[in-house]
Amino acid sequence: MPLILCHSPKGGASTTFTASHLAIGLSGMDGSDGIGGDITLLTLSQSDMTPLHFGLPPAQRLPAFGAAIEAAVLVSGISLRCEPFAAQDPDFLARLDDGGFLAADSARTLVIDVPAGEPALASRLMPHAAVHICPLTASPDCLALLPQLLEQDEATEGSGTAYVIGKLDETRRLARHVAAFMREVLGDKIIAKIRQDQSVPEALAMLQPLSRYAPASAALADVRQMADVVRGMLEMPASADPGQTDSDGAAPTRPAPGASRAA
Amino acid sequence: MRADARSLLDRLGRSDFAYKEFADRFSDLELWPLFEALLKDPRLFTQEIAAAADMAAGANEAVSSPAIAGARTAEPAPPPPPPAPLRAPQPSGAETLAELFNRYEAEASGTTPQRHAQDVRAMLRRLSELDARGEL
């Protein structure tokens, strides 16, 4: 059971886009190795745009995490759910466990999209995540957060945090320099860069999935590559039993980002 | 995607374009003051990059990149002992590149930990190498 946490400390860093396309990328797997197969994308945002990334109208309401299977919204085999008040729910983790999402032998893959405004919730989920995907943008505000991020990463022994540079516009000098600086500091912890691509908002406006609206989209190619890298991280021996907890029942073993990174 | 862009991609047999720019030598650029401020933050260099820098750079190794070496020779280094105080970011161009690198060197021989100084030099060297390879 891989639980994949998508959370950025900075809003507007394409976290929902990343989480959505990560779920889509993993849903293409057959699930025989415990990855892919039964995929649930759970968004914890109160103003959620997840349906748009799947070509659904904005009025589409996603069922709550605990809603009956009959209420499920399934797109490309992915069950879309929302839990906008998870931060106020002290039993949220217990409910995840009750739903079988934290069980070591579960065949389910859960991708959780945690909004930037809920860092405490992300911290609660992080020990249970096989991978934490942290999207950043190549901008000064994200760059200024790097010391804080690295400090938190070290404090939580967060070897499972992997960074993604989103909305990267390499025609801009500052963006190139910031991305180069980030690569120098974060090294292999950066598992992907996703290029700025106007076809992404255009697909949203067309109410179409990006893969249908712009199959040649640069951002689509990048995010698919990212999903492959994440899959490689999940397949590492260290994560063979990612739900296994230590003696005090806290954190499962997590793989190091970039350890299985594509060359 | 616009039809003309799709047509061009089809003719090229490509699925997308990758932007590449060949200008912007690092030595010709000002160091962004934000970069300078971050380079002084010790939290950046407690990760494995510090270990890598330690392995790559000897304790007294001189910075070898042409950009940085050029910047050094352009202006002699000031007397090293007094450690440079942490300064607020300045507007671009307020400090020459040579002054900036010389100040890092002064910090290296002052009270700033040697490890930190090596990290800064390693960072700048790598940025310059990236620029030389056209990857910046």
# chains A, B, ... in the order shown; residues from 1 in each chain; ligands from 1
>>> interface_residues(of="chain B", to="chain A", cutoff="6 Å", atoms="only C-alpha atoms", output="list in words")
Ser15, Asp16, Arg43 and Leu44 of chain B
>>> atom_distance(atom1="CA of Pro201 (chain A)", atom2="CA of His53 (chain A)")
9.4 Å
>>> residues_around(residues="Gly28 (chain A)", least_positions_apart="5", cutoff="12 Å", atoms="only C-alpha atoms", output="mmCIF file with N, CA, C and O atoms, in the first residue's frame")
data_model
loop_
_atom_site.group_PDB
_atom_site.id
_atom_site.type_symbol
_atom_site.label_atom_id
_atom_site.label_comp_id
_atom_site.auth_asym_id
_atom_site.auth_seq_id
_atom_site.Cartn_x
_atom_site.Cartn_y
_atom_site.Cartn_z
ATOM 1 N N HIS A 21 -1.995 14.121 -11.831
ATOM 2 C CA HIS A 21 -1.298 13.396 -12.895
ATOM 3 C C HIS A 21 -0.417 12.282 -12.344
ATOM 4 O O HIS A 21 -0.126 11.321 -13.062
ATOM 5 N N LEU A 22 -0.026 12.399 -11.095
ATOM 6 C CA LEU A 22 0.666 11.277 -10.472
ATOM 7 C C LEU A 22 -0.291 10.095 -10.335
ATOM 8 O O LEU A 22 0.060 8.945 -10.635
ATOM 9 N N ALA A 23 -1.521 10.380 -9.893
ATOM 10 C CA ALA A 23 -2.524 9.311 -9.793
ATOM 11 C C ALA A 23 -2.806 8.707 -11.160
ATOM 12 O O ALA A 23 -2.903 7.476 -11.302
ATOM 13 N N ILE A 35 1.756 -1.537 -6.733
ATOM 14 C CA ILE A 35 1.687 -0.134 -7.141
ATOM 15 C C ILE A 35 0.722 -0.029 -8.304
ATOM 16 O O ILE A 35 0.757 -0.824 -9.231
ATOM 17 N N GLY A 36 -0.096 0.946 -8.256
ATOM 18 C CA GLY A 36 -1.107 1.076 -9.306
ATOM 19 C C GLY A 36 -2.333 0.256 -8.942
ATOM 20 O O GLY A 36 -2.609 -0.007 -7.787
ATOM 21 N N GLY A 37 -3.029 -0.199 -9.939
ATOM 22 C CA GLY A 37 -4.233 -0.969 -9.655
ATOM 23 C C GLY A 37 -5.299 -0.078 -9.090
ATOM 24 O O GLY A 37 -5.781 0.828 -9.748
ATOM 25 N N ASP A 38 -5.669 -0.332 -7.845
ATOM 26 C CA ASP A 38 -6.732 0.401 -7.168
ATOM 27 C C ASP A 38 -6.176 1.731 -6.646
ATOM 28 O O ASP A 38 -5.473 1.776 -5.637
ATOM 29 N N ILE A 39 -6.487 2.798 -7.363
ATOM 30 C CA ILE A 39 -5.929 4.114 -7.007
ATOM 31 C C ILE A 39 -7.040 5.015 -6.471
ATOM 32 O O ILE A 39 -8.118 5.113 -7.070
ATOM 33 N N SER A 76 -10.978 7.155 -15.239
ATOM 34 C CA SER A 76 -9.805 6.364 -15.648
ATOM 35 C C SER A 76 -9.407 5.367 -14.568
ATOM 36 O O SER A 76 -8.203 5.136 -14.338
ATOM 37 N N GLY A 77 -10.392 4.846 -13.891
ATOM 38 C CA GLY A 77 -10.109 3.855 -12.855
ATOM 39 C C GLY A 77 -9.647 4.454 -11.540
ATOM 40 O O GLY A 77 -9.321 3.720 -10.604
ATOM 41 N N ILE A 78 -9.621 5.773 -11.458
ATOM 42 C CA ILE A 78 -9.174 6.437 -10.228
ATOM 43 C C ILE A 78 -10.396 6.911 -9.460
ATOM 44 O O ILE A 78 -11.274 7.583 -10.013
ATOM 45 N N ARG A 224 4.486 12.680 -16.687
ATOM 46 C CA ARG A 224 4.518 11.215 -16.861
ATOM 47 C C ARG A 224 5.883 10.657 -16.452
ATOM 48 O O ARG A 224 5.969 9.599 -15.843
ATOM 49 N N ALA A 227 5.973 10.456 -12.771
ATOM 50 C CA ALA A 227 5.251 9.297 -12.237
ATOM 51 C C ALA A 227 6.113 8.040 -12.343
ATOM 52 O O ALA A 227 6.115 7.189 -11.436
ATOM 53 N N ASP A 228 6.865 7.922 -13.430
ATOM 54 C CA ASP A 228 7.757 6.767 -13.569
ATOM 55 C C ASP A 228 8.836 6.779 -12.484
ATOM 56 O O ASP A 228 9.194 5.738 -11.936
ATOM 57 N N ARG A 231 7.302 5.762 -9.239
ATOM 58 C CA ARG A 231 7.098 4.314 -9.218
ATOM 59 C C ARG A 231 8.411 3.603 -8.890
ATOM 60 O O ARG A 231 8.439 2.649 -8.118
#
>>> atom_distance(atom1="CA of Asp97 (chain A)", atom2="CA of Thr109 (chain A)")
12.9 Å
>>> residues_around(residues="His7 (chain A)", least_positions_apart="5", cutoff="12 Å", atoms="only C-alpha atoms", output="ChimeraX atom specification")
/A:12-19,43-45,111-126,129,131-136,149,161-164
>>> write_last_selection(atoms="C-alpha atoms", output="JSON list (two decimals), in the first residue's frame")
[["chain", "number", "residue", "atom", "x", "y", "z"],
["A", 12, "GLY", "CA", 0.25, 27.92, -6.55],
["A", 13, "ALA", "CA", 3.04, 25.41, -7.03],
["A", 14, "SER", "CA", 0.90, 23.02, -9.10],
["A", 15, "THR", "CA", 0.32, 20.59, -6.25],
["A", 16, "THR", "CA", -3.15, 19.58, -7.44],
["A", 17, "PHE", "CA", -1.92, 19.20, -11.01],
["A", 18, "THR", "CA", 0.98, 17.10, -9.77],
["A", 19, "ALA", "CA", -1.18, 14.92, -7.54],
["A", 43, "THR", "CA", -7.96, 15.90, -1.84],
["A", 44, "LEU", "CA", -8.05, 17.72, 1.47],
["A", 45, "SER", "CA", -8.60, 21.17, 0.04],
["A", 111, "VAL", "CA", -2.50, 9.77, -3.34],
["A", 112, "ILE", "CA", -3.32, 12.59, -0.92],
["A", 113, "ASP", "CA", -3.32, 16.22, -2.03],
["A", 114, "VAL", "CA", -2.78, 18.45, 1.00],
["A", 115, "PRO", "CA", -3.15, 22.18, 0.39],
["A", 116, "ALA", "CA", -0.36, 24.59, 1.26],
["A", 117, "GLY", "CA", -2.38, 26.06, 4.10],
["A", 118, "GLU", "CA", -2.41, 22.81, 6.06],
["A", 119, "PRO", "CA", 1.21, 22.16, 7.05],
["A", 120, "ALA", "CA", 0.22, 20.58, 10.36],
["A", 121, "LEU", "CA", -1.98, 18.07, 8.59],
["A", 122, "ALA", "CA", 0.82, 17.29, 6.17],
["A", 123, "SER", "CA", 3.15, 16.72, 9.12],
["A", 124, "ARG", "CA", 0.67, 14.25, 10.60],
["A", 125, "LEU", "CA", 0.49, 12.30, 7.37],
["A", 126, "MET", "CA", 4.16, 12.42, 6.50],
["A", 129, "ALA", "CA", 3.70, 8.23, 3.51],
["A", 131, "VAL", "CA", 6.86, 9.26, -0.58],
["A", 132, "HIS", "CA", 6.27, 12.95, 0.02],
["A", 133, "ILE", "CA", 6.15, 14.92, -3.22],
["A", 134, "CYS", "CA", 6.85, 18.61, -2.66],
["A", 135, "PRO", "CA", 6.19, 20.76, -5.71],
["A", 136, "LEU", "CA", 8.06, 24.07, -5.90],
["A", 149, "LEU", "CA", 12.38, 23.07, 4.02],
["A", 161, "THR", "CA", 10.72, 13.94, 0.51],
["A", 162, "ALA", "CA", 11.15, 14.42, -3.21],
["A", 163, "TYR", "CA", 10.97, 17.82, -4.86],
["A", 164, "VAL", "CA", 9.44, 18.72, -8.19]]
>>> select_by_dssp(residues="region 55-243 of chain A", states="helix (DSSP H, G or I)", output="number ranges by chain")
A: 69-71, 86-88, 92-98, 119-128, 140-144, 146-155, 173-189, 199-205, 210-213, 218-234, 237-239
>>> select_by_dssp(residues="region 73-186 of chain A", states="strand (DSSP E)", output="ChimeraX atom specification")
/A:73-75,78-82,108-114,131-137,161-168
>>> atom_distance(atom1="CA of Leu207 (chain A)", atom2="CA of Pro51 (chain A)")
9.2 Å
